[in-house]
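K.L.:
Dropping in input.txt, which is compact mmCIF, C-alpha atoms:
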```
# COMPACT_ATOMS: atom_id res chain seq x y z
CA MET A 1391 126.96 266.06 86.40
CA GLN A 1392 128.88 266.74 83.20
CA ALA A 1393 125.81 266.03 81.10
CA SER A 1394 123.61 268.46 83.00
CA ARG A 1395 126.27 271.17 82.77
CA ALA A 1396 126.63 270.67 79.03
CA ARG A 1397 122.90 270.74 78.54
CA LEU A 1398 122.44 273.89 80.66
CA PHE A 1399 125.20 275.56 78.68
CA LYS A 1400 123.32 274.76 75.48
CA GLU A 1401 120.19 276.26 76.98
CA TYR A 1402 122.16 279.31 78.03
CA LYS A 1403 123.35 279.86 74.47
CA GLU A 1404 119.85 279.32 73.13
CA VAL A 1405 118.45 281.86 75.59
CA GLN A 1406 121.04 284.43 74.52
CA ARG A 1407 120.09 283.86 70.93
CA GLU A 1408 116.33 283.96 71.46
CA LYS A 1409 116.19 286.88 73.85
CA VAL A 1410 114.31 288.96 71.32
CA ALA A 1411 112.05 286.10 70.24
CA ASP A 1412 110.02 285.80 73.45
CA PRO A 1413 109.41 289.19 75.02
CA ASP A 1414 107.38 287.64 77.86
CA ILE A 1415 110.25 285.66 79.33
CA GLN A 1416 113.62 286.79 80.53
CA LEU A 1417 115.80 283.95 81.77
CA VAL A 1418 118.99 284.81 83.59
CA CYS A 1419 121.64 282.43 84.79
CA ASP A 1420 123.38 283.04 88.09
CA ASP A 1421 126.84 284.55 87.51
CA SER A 1422 128.69 281.88 89.43
CA ASN A 1423 126.44 278.84 89.37
CA ILE A 1424 124.91 277.39 86.22
CA PHE A 1425 122.49 275.34 88.34
CA LYS A 1426 120.76 278.49 89.64
CA TRP A 1427 118.60 280.55 87.34
CA THR A 1428 116.02 283.26 87.73
CA ALA A 1429 113.34 284.25 85.30
CA LEU A 1430 111.13 287.28 84.89
CA ILE A 1431 107.83 286.51 83.25
CA LYS A 1432 105.06 288.89 82.24
CA GLY A 1433 101.59 288.20 83.53
CA PRO A 1434 99.46 287.06 80.59
CA SER A 1435 97.03 289.58 79.15
CA GLU A 1436 93.33 289.36 79.95
CA THR A 1437 94.11 287.83 83.32
CA PRO A 1438 94.32 289.48 86.74
CA TYR A 1439 98.11 289.17 86.41
CA GLU A 1440 98.28 291.44 83.37
CA GLY A 1441 100.77 294.24 83.76
CA GLY A 1442 102.70 292.41 86.48
CA VAL A 1443 106.20 291.04 86.23
CA PHE A 1444 106.80 287.89 88.25
CA GLN A 1445 110.12 286.53 89.35
CA LEU A 1446 110.79 282.78 89.36
CA ALA A 1447 113.70 280.95 90.97
CA PHE A 1448 115.06 277.80 89.33
CA SER A 1449 117.13 275.27 91.13
CA VAL A 1450 118.40 272.65 88.69
CA PRO A 1451 119.34 269.18 89.98
CA GLU A 1452 122.53 267.45 88.88
CA GLN A 1453 120.52 264.76 87.09
CA TYR A 1454 118.87 267.37 84.90
CA PRO A 1455 117.28 266.90 82.37
CA LEU A 1456 116.37 263.44 83.62
CA GLN A 1457 114.99 265.12 86.74
CA PRO A 1458 112.86 268.27 86.55
CA PRO A 1459 114.14 271.62 87.83
CA GLN A 1460 112.64 272.99 91.03
CA VAL A 1461 110.82 276.22 90.36
CA ARG A 1462 109.08 278.65 92.67
CA PHE A 1463 107.65 282.12 92.54
CA LEU A 1464 109.75 284.73 94.33
CA THR A 1465 107.09 287.33 93.66
CA LYS A 1466 103.96 286.98 95.73
CA ILE A 1467 101.05 285.76 93.62
CA PHE A 1468 97.42 284.87 94.39
CA HIS A 1469 96.79 281.77 92.32
CA PRO A 1470 95.14 278.42 93.18
CA ASN A 1471 98.18 276.37 92.17
CA VAL A 1472 100.87 278.47 93.82
CA HIS A 1473 101.60 278.30 97.51
CA PHE A 1474 100.97 281.76 98.89
CA LYS A 1475 103.86 281.72 101.36
CA THR A 1476 106.57 279.60 99.70
CA GLY A 1477 105.79 280.23 96.03
CA GLU A 1478 105.80 276.50 95.36
CA ILE A 1479 104.06 275.59 92.09
CA CYS A 1480 101.73 272.66 91.56
CA LEU A 1481 102.26 271.73 87.95
CA ASP A 1482 102.30 268.18 86.59
CA ILE A 1483 105.23 268.72 84.24
CA LEU A 1484 107.39 269.70 87.20
CA LYS A 1485 106.58 266.38 88.84
CA ASN A 1486 105.25 263.14 87.30
CA ALA A 1487 104.70 264.40 83.80
CA TRP A 1488 108.23 265.78 83.43
CA SER A 1489 109.93 265.00 80.14
CA PRO A 1490 113.60 265.65 79.41
CA ALA A 1491 112.53 267.42 76.24
CA TRP A 1492 111.33 270.38 78.32
CA THR A 1493 113.75 273.27 78.74
CA LEU A 1494 113.86 276.04 81.32
CA GLN A 1495 112.42 278.30 78.65
CA SER A 1496 109.51 275.98 77.90
CA VAL A 1497 108.88 275.49 81.63
CA CYS A 1498 108.45 279.28 81.85
CA ARG A 1499 105.96 279.09 79.02
CA ALA A 1500 104.08 276.34 80.85
CA ILE A 1501 103.95 278.48 83.98
CA ILE A 1502 102.56 281.42 82.00
CA ALA A 1503 99.92 279.06 80.63
CA LEU A 1504 99.11 277.93 84.17
CA MET A 1505 98.66 281.55 85.23
CA ALA A 1506 96.10 282.00 82.48
CA HIS A 1507 94.38 278.67 83.19
CA PRO A 1508 94.32 277.88 86.91
CA GLU A 1509 93.35 274.38 88.08
CA PRO A 1510 91.22 275.08 91.16
CA ASP A 1511 90.70 271.36 91.77
CA SER A 1512 94.28 270.74 92.88
CA PRO A 1513 94.93 273.85 94.93
CA LEU A 1514 98.03 274.82 96.88
CA ASN A 1515 96.30 278.05 97.79
CA CYS A 1516 92.94 276.91 99.14
CA ASP A 1517 91.45 280.38 99.55
CA SER A 1518 92.08 281.09 95.94
CA GLY A 1519 90.89 277.66 94.83
CA ASN A 1520 87.70 277.91 96.87
CA LEU A 1521 86.78 281.25 95.36
CA LEU A 1522 87.00 279.78 91.89
CA ARG A 1523 85.33 276.52 92.83
CA SER A 1524 82.39 278.31 94.38
CA GLY A 1525 81.99 280.31 91.19
CA ASP A 1526 83.11 283.63 92.63
CA VAL A 1527 85.21 284.61 89.65
CA ARG A 1528 84.91 288.30 90.44
CA GLY A 1529 86.15 287.78 93.97
CA PHE A 1530 89.08 285.73 92.76
CA GLN A 1531 89.99 288.25 90.11
CA SER A 1532 89.92 291.22 92.43
CA MET A 1533 92.12 289.45 94.99
CA ALA A 1534 94.56 288.33 92.31
CA LYS A 1535 94.62 291.78 90.77
CA MET A 1536 95.28 293.39 94.12
CA TYR A 1537 98.27 291.17 94.80
CA THR A 1538 99.56 291.74 91.30
CA ARG A 1539 99.44 295.47 91.93
CA LEU A 1540 101.02 295.17 95.36
CA ALA A 1541 103.78 292.71 94.54
CA ALA A 1542 104.37 292.50 90.81
CA MET A 1543 104.21 296.08 89.61
CA PRO A 1544 106.80 298.81 90.07
CA LYS A 1545 105.91 301.17 92.88
CA LYS A 1546 104.69 304.53 91.67
CA GLY A 1547 106.68 307.63 92.36
CA MET B 749 118.03 287.27 60.97
CA ASP B 750 118.59 284.60 58.35
CA GLN B 751 121.50 283.25 60.27
CA LYS B 752 119.42 282.90 63.37
CA GLU B 753 116.67 281.05 61.54
CA GLU B 754 119.13 278.68 60.03
CA SER B 755 120.86 277.78 63.24
CA SER B 756 117.70 277.31 65.25
CA SER B 757 116.07 275.12 62.63
CA SER B 758 119.15 272.97 62.30
CA SER B 759 119.22 272.48 66.04
CA VAL B 760 115.65 271.22 65.92
CA PHE B 761 116.43 268.57 63.34
CA ASP B 762 119.88 267.39 64.25
CA SER B 763 120.13 267.67 67.99
CA CYS B 764 118.98 265.24 70.61
CA PRO B 765 115.99 266.62 72.56
CA ILE B 766 117.51 265.31 75.78
CA CYS B 767 121.09 266.59 75.73
CA LEU B 768 120.47 269.28 73.07
CA SER B 769 123.80 268.35 71.47
CA SER B 770 124.23 266.69 68.12
CA ILE B 771 123.11 263.09 68.19
CA LEU B 772 125.58 260.36 69.09
CA GLU B 773 124.61 256.81 68.13
CA GLU B 774 121.36 257.74 66.46
CA SER B 775 118.44 255.78 67.84
CA TYR B 776 114.67 255.82 67.49
CA LEU B 777 111.61 254.86 69.45
CA ASP B 778 109.74 252.14 67.62
CA GLN B 779 106.34 253.84 67.45
CA CYS B 780 106.95 257.49 66.68
CA PHE B 781 110.49 257.27 65.33
CA HIS B 782 111.62 260.34 67.21
CA LYS B 783 115.39 260.54 67.24
CA PHE B 784 117.68 260.58 70.28
CA CYS B 785 121.23 259.72 71.32
CA TYR B 786 121.18 256.08 72.28
CA SER B 787 122.67 256.71 75.71
CA CYS B 788 120.29 259.63 76.42
CA ILE B 789 117.09 257.73 75.67
CA LEU B 790 118.39 254.64 77.40
CA GLN B 791 119.09 256.63 80.57
CA TRP B 792 115.66 258.19 80.41
CA THR B 793 114.10 254.75 80.02
CA LYS B 794 115.88 253.57 83.14
CA ILE B 795 114.79 256.62 85.14
CA VAL B 796 111.17 256.11 84.13
CA GLY B 797 111.41 252.40 84.87
CA SER B 798 112.81 252.97 88.35
CA LYS B 799 110.00 255.39 89.22
CA HIS B 800 107.16 252.96 88.73
CA CYS B 801 106.69 250.19 91.23
CA SER B 802 104.72 248.15 88.71
CA ARG B 803 107.10 247.21 85.93
CA GLN B 804 106.31 248.75 82.61
CA SER B 805 106.96 247.35 79.20
CA PHE B 806 106.99 250.66 77.38
CA VAL B 807 108.46 254.12 77.52
CA LYS B 808 106.58 257.27 76.64
CA CYS B 809 108.32 259.40 74.06
CA PRO B 810 109.68 262.56 75.71
CA LEU B 811 108.44 264.53 72.71
CA CYS B 812 105.05 263.09 71.80
CA LYS B 813 104.19 260.73 74.70
CA ARG B 814 103.45 257.79 72.43
CA LYS B 815 104.27 254.49 74.04
CA SER B 816 107.12 252.54 72.52
CA SER B 817 108.28 249.14 73.61
CA SER B 818 111.76 249.28 72.14
CA ILE B 819 114.62 251.51 71.11
CA ILE B 820 116.03 250.95 67.65
CA TYR B 821 119.73 251.72 67.30
CA GLY B 822 122.87 250.84 65.39
CA TYR B 823 121.13 251.20 62.03
CA ASP B 824 123.75 250.86 59.29
CA GLY B 825 121.60 250.81 56.17
CA SER B 826 120.70 247.15 56.21
CA SER B 827 120.46 246.01 59.80
CA PHE B 828 119.88 247.43 63.23
CA GLN B 829 119.70 246.47 66.85
CA GLN B 830 116.88 246.78 69.25
CA HIS B 831 116.74 247.39 72.96
CA LEU B 832 113.52 246.11 74.47
CA ILE B 833 112.19 248.18 77.34
CA TYR B 834 111.01 245.34 79.55
CA GLN B 835 114.37 243.62 79.44
CA ASN B 836 114.99 244.75 82.99
CA SER B 837 111.63 243.67 84.29
CA ASP B 838 110.00 240.49 85.54
CA ASN B 839 108.41 239.89 82.18
CA SER B 840 111.78 238.94 80.78
CA VAL B 841 111.43 235.51 82.36
CA PHE B 842 109.11 234.46 79.56
CA PHE B 843 110.68 236.66 76.93
CA THR B 844 113.70 234.64 75.90
CA LYS B 845 116.41 235.23 73.33
CA THR B 846 114.38 233.23 70.85
CA HIS B 847 111.39 235.53 71.31
CA LYS B 848 113.73 238.38 70.66
CA TYR B 849 114.99 236.77 67.49
CA ARG B 850 111.44 236.17 66.29
CA LEU B 851 110.53 239.80 66.90
CA GLN B 852 113.66 240.85 65.09
CA CYS B 853 112.47 238.89 62.06
CA TYR B 854 109.60 241.31 61.70
CA TYR B 855 111.95 244.20 61.22
CA VAL B 856 113.87 242.75 58.28
CA GLU B 857 113.06 241.50 54.82
CA PRO B 858 113.49 237.74 54.63
CA GLY B 859 113.70 237.56 50.85
CA ASN B 860 111.56 235.16 48.87
CA SER B 861 112.47 231.93 50.52
CA ILE B 862 114.43 230.61 53.42
CA GLY B 863 116.80 227.72 53.05
CA ASN B 864 115.25 225.09 50.83
CA ILE B 865 111.73 225.73 51.98
CA ASN B 866 109.41 225.60 49.02
CA VAL B 867 106.08 227.19 49.81
CA LEU B 868 104.40 226.42 46.52
CA ARG B 869 105.22 222.76 46.76
CA TYR B 870 103.55 222.73 50.16
CA TRP B 871 100.30 223.76 48.53
CA LYS B 872 100.62 221.71 45.37
CA SER B 873 101.34 218.53 47.30
CA ASN B 874 98.31 218.98 49.56
CA LYS B 875 100.68 218.87 52.50
CA TYR B 876 98.51 221.45 54.21
CA ARG B 877 95.88 218.81 54.95
CA GLN B 878 98.12 217.31 57.61
CA PRO B 879 97.99 218.89 61.03
CA ASN B 880 101.33 220.18 62.26
CA GLN B 881 102.15 219.02 65.78
CA TRP B 882 104.50 221.94 66.50
CA LEU B 883 102.07 224.62 65.34
CA TYR B 884 100.67 225.38 68.80
CA SER B 885 104.08 226.08 70.31
CA TRP B 886 105.19 227.98 67.27
CA VAL B 887 102.16 230.29 67.07
CA SER B 888 102.32 230.73 70.81
CA ARG B 889 105.90 231.94 70.75
CA GLU B 890 105.22 234.10 67.72
CA ILE B 891 102.29 235.90 69.36
CA GLN B 892 104.22 236.28 72.62
CA ALA B 893 107.05 237.88 70.72
CA LEU B 894 104.78 240.17 68.76
CA ILE B 895 102.53 241.48 71.50
CA GLN B 896 105.05 241.02 74.29
CA GLU B 897 102.62 239.40 76.64
CA LYS B 898 103.11 236.11 78.37
CA ASP B 899 99.57 234.83 78.43
CA VAL B 900 98.48 234.42 74.83
CA ASP B 901 96.57 231.13 75.09
CA ILE B 902 93.25 232.59 74.10
CA ILE B 903 94.64 234.20 70.99
CA VAL B 904 96.52 231.06 70.01
CA HIS B 905 93.44 228.86 70.50
CA HIS B 906 91.45 231.28 68.43
CA ILE B 907 93.90 231.23 65.54
CA LEU B 908 94.48 227.47 65.66
CA GLY B 909 90.75 226.82 65.93
CA ALA B 910 90.18 228.80 62.78
CA ILE B 911 92.96 226.93 60.99
CA ASP B 912 91.57 223.57 62.12
CA SER B 913 88.06 224.28 60.99
CA TRP B 914 89.36 225.58 57.68
CA ARG B 915 91.31 222.35 57.24
CA ARG B 916 88.23 220.28 58.11
CA ASN B 917 86.03 222.09 55.60
CA GLU B 918 88.69 222.34 52.97
CA PRO B 919 88.09 218.98 51.18
CA LYS B 920 84.54 220.07 50.34
CA ALA B 921 85.91 222.88 48.24
CA SER B 922 88.75 220.91 46.80
CA LYS B 923 88.20 222.05 43.24
CA LEU B 924 90.16 225.20 43.91
CA SER B 925 93.63 225.42 42.47
CA PRO B 926 96.53 225.25 44.95
CA GLU B 927 97.19 228.96 44.43
CA LEU B 928 93.59 229.83 45.29
CA LYS B 929 93.73 227.52 48.28
CA GLN B 930 96.82 229.32 49.43
CA GLN B 931 95.15 232.69 49.03
CA GLU B 932 92.03 231.56 50.83
CA PHE B 933 94.03 230.15 53.73
CA LYS B 934 96.16 233.22 54.10
CA SER B 935 93.32 235.69 54.03
CA MET B 936 91.43 233.53 56.53
CA VAL B 937 94.36 233.54 58.97
CA ALA B 938 94.90 237.25 58.41
CA ASP B 939 91.27 238.01 59.30
CA VAL B 940 91.52 236.00 62.50
CA ALA B 941 94.87 237.38 63.62
CA LYS B 942 94.43 241.01 62.64
CA PRO B 943 92.62 242.22 65.79
CA PHE B 944 95.57 241.10 67.89
CA ILE B 945 98.63 241.91 65.87
CA ARG B 946 97.35 244.57 63.49
CA GLY B 947 100.13 245.95 61.30
CA ARG B 948 102.19 242.80 61.57
CA THR B 949 99.40 240.55 60.33
CA ASP B 950 100.49 240.08 56.74
CA ARG B 951 104.02 239.34 57.75
CA PHE B 952 102.80 236.93 60.43
CA VAL B 953 100.76 235.02 57.86
CA ASN B 954 103.80 234.69 55.62
CA GLU B 955 105.95 233.52 58.52
CA LEU B 956 103.30 231.00 59.53
CA GLU B 957 103.07 229.69 55.98
CA MET B 958 106.84 229.45 55.80
CA PHE B 959 106.98 227.47 59.03
CA LEU B 960 104.23 225.09 57.90
CA ALA B 961 105.85 224.61 54.52
CA SER B 962 109.17 223.76 56.10
CA GLY B 963 107.75 220.72 57.84
CA LEU B 964 110.47 221.20 60.44
CA ASN B 965 110.18 221.30 64.17
CA ILE B 966 110.79 224.63 65.87
CA GLU B 967 114.40 224.01 66.76
CA ALA B 968 115.38 222.95 63.28
CA TYR B 969 113.37 225.73 61.71
CA ASP B 970 115.07 228.34 63.88
CA LYS B 971 118.46 227.06 62.79
CA VAL B 972 117.60 227.24 59.13
CA TYR B 973 116.10 230.70 59.58
CA VAL B 974 118.96 232.14 61.57
CA ASN B 975 121.43 230.60 59.19
CA HIS B 976 119.61 232.17 56.27
CA MET B 977 119.68 235.61 57.87
CA GLY B 978 123.31 235.23 58.82
CA TRP B 979 122.58 236.04 62.45
CA LYS B 980 124.61 234.78 65.36
CA ILE B 981 122.31 233.91 68.24
CA SER B 982 124.00 231.85 70.90
CA GLU B 983 120.83 230.04 72.01
CA ILE B 984 120.18 228.82 68.52
CA THR B 985 123.49 228.47 66.74
CA THR B 986 126.16 227.54 69.27
CA GLU B 987 125.39 223.91 69.91
CA ASP B 988 127.35 223.33 66.82
CA ASP B 989 127.47 225.36 63.70
CA GLU B 990 127.57 222.43 61.37
CA GLU B 991 124.15 221.20 62.26
CA PRO B 992 121.99 223.37 60.00
CA ASN B 993 123.80 221.93 57.01
CA GLU B 994 123.12 218.43 58.18
CA ARG B 995 119.50 219.17 58.72
CA ASN B 996 118.87 220.80 55.41
CA PRO B 997 118.47 217.47 53.59
CA LEU B 998 115.50 216.84 55.85
CA ILE B 999 113.43 219.35 54.00
CA PRO B 1000 113.09 217.66 50.63
CA PHE B 1001 112.63 214.39 52.45
CA LEU B 1002 109.59 215.77 54.18
CA CYS B 1003 108.02 217.19 51.06
CA PHE B 1004 106.22 214.19 49.69
CA SER B 1005 105.46 214.69 46.08
CA ASP B 1006 102.77 212.06 46.02
CA GLU B 1007 99.38 213.60 46.73
CA ASP B 1008 97.81 210.35 47.81
CA LEU B 1009 99.99 210.05 50.86
CA ASP B 1010 97.84 212.60 52.61
CA GLU B 1011 94.45 211.28 51.82
CA ASN B 1012 94.11 209.03 54.85
CA THR B 1013 94.87 211.58 57.54
```
Can the structure from this file be put into structure tokens for me?
P.N.:
Amino acid sequence: MQASRARLFKEYKEVQREKVADPDIQLVCDDSNIFKWTALIKGPSETPYEGGVFQLAFSVPEQYPLQPPQVRFLTKIFHPNVHFKTGEICLDILKNAWSPAWTLQSVCRAIIALMAHPEPDSPLNCDSGNLLRSGDVRGFQSMAKMYTRLAAMPKKG
Amino acid sequence: MDQKEESSSSSVFDSCPICLSSILEESYLDQCFHKFCYSCILQWTKIVGSKHCSRQSFVKCPLCKRKSSSIIYGYDGSSFQQHLIYQNSDNSVFFTKTHKYRLQCYYVEPGNSIGNINVLRYWKSNKYRQPNQWLYSWVSREIQALIQEKDVDIIVHHILGAIDSWRRNEPKASKLSPELKQQEFKSMVADVAKPFIRGRTDRFVNELEMFLASGLNIEAYDKVYVNHMGWKISEITTEDDEEPNERNPLIPFLCFSDEDLDENT
């Protein structure tokens, strides 16, 4: 308990210091609970998510960093490895391949990388995975782009 | 800007990747030598170990994923301690304290000689022509300690077979000087053992030579060795501390200076 708190506090200080360094990620700690964080990440360029801003919710376990944080998308996203309804993310480093050397910041970076490189063979969103697996890249991209526009971009006007 | 650079780079080099604080009880993984707090990496090792139903004898480095089989800690400039990963697992039944001490030997410099063991005399007196009845058990334990596997029979047979056939063919080439004999023997053993123990080969050959030259059985040899290193290992030293001194006189007794003694065997 104490160890995870101390470590999260270190990460908090690091985030404050590096705010300018990574313009694609904005990590914010809950005002009252250091185990709850949210992040805003920019959709990577040259992907259907470009121009969108996606919100992630972190729930950090007390055994952190020996156990991985739980992360999910709060913003709706059409992606083979993200559950369309719950926002759950299928990413090895959040499960078996977790290493205590990861930080919340680097997890965000890994999620951005996953957005740019979907793994259609282990889908949480089967519709999205099937489009990619059947080779319909255009179909996938237009769906993903539509949801980016609907959910991850500021409404016009 | 400069300030920021400085502080972030110092945090990379001096902080533990697990707790992100400055390192307490500096420790290293034995393959990649990445640095952690001892308690942090130990905890991580336990978490990883509890996750797998099949026991594992290694831990993957949190930074580079290389597999290490031990954590090195308590380094004070001349000595260190080692926590072996499989200590908590079933494997530990075969891996005894004496295996641990043998493995530890490979992490320290033994100096030129141990006790009264005289390696050169071993070669000059043709003592090497006699088979050593304890060699099988000794090599067996040594290989077990080095590769941390229980079943090493094949490797041991392979090494001993090579030594035996070298010994059988040796008289035909007996014109070589003892020093050349020694070289030939050592490079032969090194060639045979290298595929199995790789980087530790040269040291293994020296340890093997030292054991053969001692003419002692394993128990007595261990006592002399441990005594020489100044280690306290309950399994080896406690019986009574006086004993190594009593046994030391055995060594010169066993080193026959007369070459002819060996001719009949």
K.L.:
Record the distance separating CA of Ile771 (chain B) and CA of Cys785 (chain B), expressed in Å with one decimal.
P.N.:
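CA of Ile771 (chain B) sits 5.0 Å away from CA of Cys785 (chain B).
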K.L.:
With distances taken over all atoms listed in the file, which of A:Leu1456, A:Ile1501, A:Leu1514, A:Val1450 is nearest to Val1472 (chain A)?
P.N.:
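Selected residue with least distance to Val1472 (chain A): A:Leu1514.
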K.L.:
CA of Ala893 (chain B) and CA of Phe944 (chain B) are how many Å apart?
P.N.:
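Between these atoms lies a distance of 12.3 Å.
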K.L.:
For a quick test of understanding: name the residues of chain A lying within 10 Å of chain B when counting all atoms listed in the file, and present them as a list in words.
P.N.:
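Only these qualify: Ala1393, Ser1394, Arg1395, Ala1396, Arg1397, Leu1398, Phe1399, Lys1400, Glu1401, Glu1404, Arg1407, Glu1408, Tyr1454, Pro1455, Leu1456, Gln1457, Asn1486, Ala1487, Trp1488, Ser1489, Pro1490, Ala1491, Trp1492 and Thr1493 of chain A.
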K.L.:
What would the file look like if the residues just selected were written as a tab-separated table (two decimals), in the coordinates of the input with C-alpha atoms?
P.N.:
```tsv
chain	number	residue	atom	x	y	z
A	1393	ALA	CA	125.81	266.03	81.10
A	1394	SER	CA	123.61	268.46	83.00
A	1395	ARG	CA	126.27	271.17	82.77
A	1396	ALA	CA	126.63	270.67	79.03
A	1397	ARG	CA	122.90	270.74	78.54
A	1398	LEU	CA	122.44	273.89	80.66
A	1399	PHE	CA	125.20	275.56	78.68
A	1400	LYS	CA	123.32	274.76	75.48
A	1401	GLU	CA	120.19	276.26	76.98
A	1404	GLU	CA	119.85	279.32	73.13
A	1407	ARG	CA	120.09	283.86	70.93
A	1408	GLU	CA	116.33	283.96	71.46
A	1454	TYR	CA	118.87	267.37	84.90
A	1455	PRO	CA	117.28	266.90	82.37
A	1456	LEU	CA	116.37	263.44	83.62
A	1457	GLN	CA	114.99	265.12	86.74
A	1486	ASN	CA	105.25	263.14	87.30
A	1487	ALA	CA	104.70	264.40	83.80
A	1488	TRP	CA	108.23	265.78	83.43
A	1489	SER	CA	109.93	265.00	80.14
A	1490	PRO	CA	113.60	265.65	79.41
A	1491	ALA	CA	112.53	267.42	76.24
A	1492	TRP	CA	111.33	270.38	78.32
A	1493	THR	CA	113.75	273.27	78.74
```
K.L.:
Using all atoms listed in the file for the distances, tell me which of B:Asn880, B:Ile907, B:Phe842, B:Tyr821 is nearest to Ala941 (chain B).
P.N.:
B:Ile907
K.L.:
Residues around (108.6, 237.9, 66.5), cut-off 8 Å, counting all atoms listed in the file - what are they as a list in words?
P.N.:
His847, Lys848, Tyr849, Arg850, Leu851, Gln852, Cys853, Tyr854, Arg889, Glu890, Ile891, Gln892, Ala893 and Leu894 of chain B
K.L.:
Record the distance separating CA of His782 (chain B) and CA of Arg948 (chain B), expressed in Å with one decimal.
P.N.:
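Going from CA of His782 (chain B) over to CA of Arg948 (chain B), I get 20.7 Å.
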K.L.:
Between A:Lys1535, A:Lys1475, A:His1469, A:Arg1499, which has the minimum distance to Ser1518 (chain A) (counting only C-alpha atoms)?
P.N.:
A:His1469
